[in-house]
Amino acid sequence: MVFDAPPAERTAHSWMPSSPCGPGCIDPVDQIGTARVIGRLFGVAGLLVSFPVVNVVTPRGRREQLQRRYARTVLSCLGIRLRVVDNRPGAAEFADARFGDSGAGLLIVAGHIGWTDVVVMAAVQPLGFVARADMVDWPLLGGLAKLMRVIPIERERLRELPGVVARLGERLAAGDRVAVFPEGTTWCGRAYGTMRPALFQAAVDTGTSVQPVRLRYLDAHGTQSTIPGFVGDDSFGSSAKRVLRSRGMVAEVVLEPVENPGLDRRDLARRCEQAVRGADLSRHGAIEASDWIEATATRVQDPESAEDRPQRPSRRLRPFRRGGTRHQVAESAVSTD
């Protein structure tokens, strides 16, 4: 039986980041047999149960290597192969790419697709995470989250966000590597949201470099897959079953050139978003920054939703004007799956 956890939430309040991704985004699963699914499940459960004990008895200087090996073995049990592509200057000199040197603070940013993202990134190199607060209460994974020193964030409590930024800054200043998912919620993988600037403030305050990471999942045919997407009404159980049943999945991690923090978190967020997304277009269309307002140390969505706003009467455009073309482009950018 797959252990369960609360479903992926839409929004608790109107100002929370939300994703339009749902069941319609998820690809059909190229399934393996039941016996192999059970074997994978027991393999993952055994690794998660044994890890805390083995980690404690392992000398401190060798724990990073142990944690990395464990994460890669978990991926193997899930049927996911890891591919790391290093686009940073001088990358050809290194056969075994990692995020950065031990003891040097580094903020790693990536788009967020599902719970497997944490395992995939830990398989590149062990690191801490800013993650949903209730993860520490999940069966088995909760204990792993504590060992990884997860910084909990409760998206429904805006007033606590400055404290999260402060704790993140302390960890970076102490030389830790910490990963964040600045979209604030999960998307299906083919669609994505805008990277919010709040958490980038920790890098600006501490002068910490930022590592943009392009993360995606591919199926056995090399096509981008949405199976790991933790979206809509997904619970951890339903998502885990889908991943466990899948065949031939590859997690591709692309390390883009490191960004200097600069002095403006908004500029830093946009630079990292450009590095992560490149020329890719979101199938749902990214949420425009103009839909968000300032509030203390972060930006939150305007409580007045698009549905509640008064609709302006449309203007009739003359045939020779470009407005019609722009209108067609806008419609294609927000089309759903």
# chains A, B, ... in the order shown; residues from 1 in each chain; ligands from 1

call {"tool": "residues_around", "arguments": {"residues": "range 198-202 of chain A", "least_positions_apart": "6", "cutoff": "12 Å", "atoms": "only C-alpha atoms", "output": "CSV table (one decimal) with N, CA and C atoms, in the first residue's frame"}}
result
chain,number,residue,atom,x,y,z
A,105,GLY,N,28.2,28.7,0.1
A,105,GLY,CA,26.8,28.9,0.0
A,105,GLY,C,26.3,29.0,-1.5
A,106,LEU,N,25.2,28.5,-1.8
A,106,LEU,CA,24.7,28.5,-3.2
A,106,LEU,C,23.2,28.4,-3.1
A,107,LEU,N,22.5,29.2,-3.8
A,107,LEU,CA,21.0,29.1,-3.9
A,107,LEU,C,20.7,28.5,-5.3
A,108,ILE,N,20.0,27.4,-5.2
A,108,ILE,CA,19.6,26.6,-6.5
A,108,ILE,C,18.2,26.9,-6.7
A,109,VAL,N,17.8,27.3,-7.9
A,109,VAL,CA,16.4,27.6,-8.3
A,109,VAL,C,16.0,26.7,-9.5
A,129,PHE,N,16.3,22.3,1.3
A,129,PHE,CA,15.2,22.7,0.4
A,129,PHE,C,14.3,23.7,1.2
A,130,VAL,N,13.7,24.6,0.5
A,130,VAL,CA,12.5,25.3,1.1
A,130,VAL,C,11.3,24.6,0.5
A,131,ALA,N,10.5,24.0,1.4
A,131,ALA,CA,9.4,23.1,0.9
A,131,ALA,C,8.1,23.3,1.8
A,151,ILE,N,13.5,23.8,5.1
A,151,ILE,CA,13.0,25.0,5.7
A,151,ILE,C,11.5,25.1,5.3
A,153,ILE,N,7.7,26.2,4.6
A,153,ILE,CA,7.1,27.5,4.2
A,153,ILE,C,5.6,27.2,4.1
A,158,LEU,N,1.1,34.6,4.8
A,158,LEU,CA,2.0,35.6,4.2
A,158,LEU,C,2.9,36.2,5.2
A,161,LEU,N,6.4,34.8,5.7
A,161,LEU,CA,7.4,34.7,4.6
A,161,LEU,C,8.7,35.5,4.9
A,162,PRO,N,8.7,36.7,5.5
A,162,PRO,CA,9.9,37.3,5.9
A,162,PRO,C,10.8,36.5,6.8
A,163,GLY,N,10.2,35.7,7.7
A,163,GLY,CA,11.0,34.8,8.5
A,163,GLY,C,11.6,33.7,7.7
A,164,VAL,N,10.9,33.2,6.7
A,164,VAL,CA,11.5,32.1,5.9
A,164,VAL,C,12.7,32.7,5.1
A,165,VAL,N,12.5,33.9,4.6
A,165,VAL,CA,13.6,34.5,3.8
A,165,VAL,C,14.8,34.7,4.7
A,166,ALA,N,14.6,35.1,6.0
A,166,ALA,CA,15.7,35.3,6.9
A,166,ALA,C,16.4,34.0,7.3
A,167,ARG,N,15.6,32.9,7.5
A,167,ARG,CA,16.3,31.6,7.7
A,167,ARG,C,17.0,31.1,6.5
A,168,LEU,N,16.5,31.3,5.4
A,168,LEU,CA,17.2,30.9,4.1
A,168,LEU,C,18.5,31.7,4.0
A,169,GLY,N,18.5,33.0,4.3
A,169,GLY,CA,19.7,33.8,4.3
A,169,GLY,C,20.7,33.3,5.3
A,170,GLU,N,20.3,32.9,6.5
A,170,GLU,CA,21.2,32.4,7.5
A,170,GLU,C,21.9,31.1,7.0
A,171,ARG,N,21.1,30.2,6.3
A,171,ARG,CA,21.7,29.0,5.8
A,171,ARG,C,22.7,29.3,4.7
A,172,LEU,N,22.4,30.2,3.8
A,172,LEU,CA,23.3,30.5,2.7
A,172,LEU,C,24.6,31.2,3.3
A,173,ALA,N,24.4,32.1,4.2
A,173,ALA,CA,25.6,32.7,4.8
A,173,ALA,C,26.5,31.7,5.6
A,178,VAL,N,21.1,25.4,-0.8
A,178,VAL,CA,19.6,25.3,-0.6
A,178,VAL,C,18.9,25.5,-1.9
A,179,ALA,N,17.9,24.7,-2.2
A,179,ALA,CA,17.1,24.8,-3.4
A,179,ALA,C,15.8,25.3,-3.1
A,180,VAL,N,15.3,26.2,-4.0
A,180,VAL,CA,13.9,26.8,-3.8
A,180,VAL,C,13.2,26.6,-5.2
A,181,PHE,N,11.9,26.6,-5.1
A,181,PHE,CA,11.0,26.5,-6.3
A,181,PHE,C,10.2,27.8,-6.3
A,182,PRO,N,10.7,28.9,-6.9
A,182,PRO,CA,10.2,30.2,-6.8
A,182,PRO,C,8.8,30.4,-7.4
A,183,GLU,N,8.3,29.4,-8.2
A,183,GLU,CA,6.9,29.5,-8.7
A,183,GLU,C,5.9,29.5,-7.6
A,184,GLY,N,6.2,28.9,-6.5
A,184,GLY,CA,5.3,28.8,-5.4
A,184,GLY,C,4.3,27.7,-5.4
A,208,THR,N,25.0,35.8,-2.2
A,208,THR,CA,25.2,34.4,-2.6
A,208,THR,C,24.9,34.2,-4.1
A,209,SER,N,25.7,33.5,-4.8
A,209,SER,CA,25.5,33.2,-6.2
A,209,SER,C,24.3,32.2,-6.3
A,210,VAL,N,23.7,32.3,-7.5
A,210,VAL,CA,22.5,31.5,-7.8
A,210,VAL,C,22.7,30.6,-8.9
A,211,GLN,N,22.3,29.3,-8.7
A,211,GLN,CA,22.4,28.3,-9.8
A,211,GLN,C,21.1,28.0,-10.4
A,212,PRO,N,20.8,28.5,-11.6
A,212,PRO,CA,19.5,28.1,-12.3
A,212,PRO,C,19.6,26.7,-12.8
A,259,GLU,N,24.3,32.7,-11.9
A,259,GLU,CA,24.0,34.1,-11.9
A,259,GLU,C,24.5,34.8,-10.6
A,260,ASN,N,25.1,36.0,-10.8
A,260,ASN,CA,25.5,36.8,-9.7
A,260,ASN,C,24.2,37.4,-9.0
A,261,PRO,N,24.2,37.6,-7.7
A,261,PRO,CA,22.9,38.0,-7.0
A,261,PRO,C,22.5,39.5,-7.4
A,262,GLY,N,23.5,40.4,-7.6
A,262,GLY,CA,23.1,41.7,-7.9
A,262,GLY,C,22.5,42.4,-6.7
A,263,LEU,N,21.8,43.5,-6.9
A,263,LEU,CA,21.2,44.3,-5.9
A,263,LEU,C,19.6,44.3,-5.9
A,264,ASP,N,19.0,43.7,-6.9
A,264,ASP,CA,17.6,43.7,-7.0
A,264,ASP,C,17.0,42.3,-7.2
A,265,ARG,N,16.2,41.9,-6.3
A,265,ARG,CA,15.7,40.5,-6.3
A,265,ARG,C,14.8,40.3,-7.5
A,266,ARG,N,14.1,41.4,-8.0
A,266,ARG,CA,13.2,41.2,-9.2
A,266,ARG,C,14.1,41.0,-10.4
A,267,ASP,N,15.1,41.7,-10.6
A,267,ASP,CA,16.0,41.5,-11.7
A,267,ASP,C,16.7,40.1,-11.6
A,268,LEU,N,17.1,39.7,-10.5
A,268,LEU,CA,17.7,38.4,-10.3
A,268,LEU,C,16.7,37.3,-10.7
A,269,ALA,N,15.4,37.4,-10.2
A,269,ALA,CA,14.4,36.4,-10.5
A,269,ALA,C,14.1,36.3,-12.0
A,270,ARG,N,14.1,37.5,-12.7
A,270,ARG,CA,13.9,37.5,-14.2
A,270,ARG,C,15.1,36.9,-14.9
A,271,ARG,N,16.3,37.1,-14.4
A,271,ARG,CA,17.4,36.5,-15.1
A,271,ARG,C,17.4,35.0,-14.9
A,272,CYS,N,17.1,34.6,-13.8
A,272,CYS,CA,17.1,33.1,-13.5
A,272,CYS,C,15.9,32.5,-14.3
A,273,GLU,N,14.8,33.1,-14.4
A,273,GLU,CA,13.7,32.6,-15.1
A,273,GLU,C,14.1,32.5,-16.6
A,293,ILE,N,0.8,42.0,-6.5
A,293,ILE,CA,1.0,43.3,-5.8
A,293,ILE,C,2.1,43.1,-4.7
A,294,GLU,N,2.6,44.2,-4.3
A,294,GLU,CA,3.7,44.1,-3.2
A,294,GLU,C,3.0,43.9,-1.8
A,295,ALA,N,3.7,43.1,-1.0
A,295,ALA,CA,3.2,43.0,0.4
A,295,ALA,C,4.4,42.6,1.2
A,296,THR,N,4.9,43.4,2.1
A,296,THR,CA,6.1,43.2,2.9
A,296,THR,C,7.2,42.8,2.0
A,297,ALA,N,7.8,41.6,2.3
A,297,ALA,CA,9.0,41.1,1.6
A,297,ALA,C,8.7,40.2,0.4
A,298,THR,N,7.5,40.2,0.0
A,298,THR,CA,7.1,39.3,-1.1
A,298,THR,C,6.2,40.0,-2.1
A,299,ARG,N,5.7,39.2,-3.0
A,299,ARG,CA,4.6,39.7,-3.9
A,299,ARG,C,3.5,38.7,-3.9
A,300,VAL,N,2.3,39.1,-3.8
A,300,VAL,CA,1.2,38.2,-3.8
A,300,VAL,C,0.2,38.6,-4.8

call {"tool": "residues_around", "arguments": {"residues": "range 242-255 of chain A", "least_positions_apart": "5", "cutoff": "6 Å", "atoms": "only C-alpha atoms", "output": "number ranges by chain"}}
result
A: 29-32, 37, 78, 80-87, 213-220

call {"tool": "write_last_selection", "arguments": {"atoms": "C-alpha atoms", "output": "mmCIF file, in the first residue's frame"}}
result
data_model
loop_
_atom_site.group_PDB
_atom_site.id
_atom_site.type_symbol
_atom_site.label_atom_id
_atom_site.label_comp_id
_atom_site.auth_asym_id
_atom_site.auth_seq_id
_atom_site.Cartn_x
_atom_site.Cartn_y
_atom_site.Cartn_z
ATOM 1 C CA VAL A 29 1.146 5.846 -18.286
ATOM 2 C CA ASP A 30 3.165 3.242 -20.191
ATOM 3 C CA GLN A 31 2.802 0.728 -17.373
ATOM 4 C CA ILE A 32 5.020 -2.040 -16.069
ATOM 5 C CA VAL A 37 5.516 -2.182 -9.131
ATOM 6 C CA LEU A 78 11.267 4.446 -8.978
ATOM 7 C CA ILE A 80 13.813 6.951 -13.196
ATOM 8 C CA ARG A 81 17.206 7.399 -14.847
ATOM 9 C CA LEU A 82 19.178 10.559 -14.110
ATOM 10 C CA ARG A 83 20.793 12.649 -16.850
ATOM 11 C CA VAL A 84 22.860 15.711 -15.914
ATOM 12 C CA VAL A 85 23.851 18.272 -18.556
ATOM 13 C CA ASP A 86 26.337 20.953 -17.513
ATOM 14 C CA ASN A 87 26.193 24.141 -19.594
ATOM 15 C CA VAL A 213 18.486 24.561 -13.034
ATOM 16 C CA ARG A 214 16.390 23.428 -15.976
ATOM 17 C CA LEU A 215 14.495 20.330 -14.858
ATOM 18 C CA ARG A 216 12.283 18.152 -17.021
ATOM 19 C CA TYR A 217 11.132 14.553 -17.322
ATOM 20 C CA LEU A 218 11.290 12.530 -20.532
ATOM 21 C CA ASP A 219 9.538 9.296 -21.459
ATOM 22 C CA ALA A 220 11.093 6.237 -23.103
#

call {"tool": "closest_residue", "arguments": {"among": "A:Leu47, A:Cys25, A:Met148, A:Ala35", "to": "Tyr70 in chain A", "atoms": "only C-alpha atoms"}}
result
A:Leu47

call {"tool": "select_by_dssp", "arguments": {"residues": "range 30-105 of chain A", "states": "helix (DSSP H, G or I)", "output": "ChimeraX atom specification"}}
result
/A:34-57,60-77,91-93
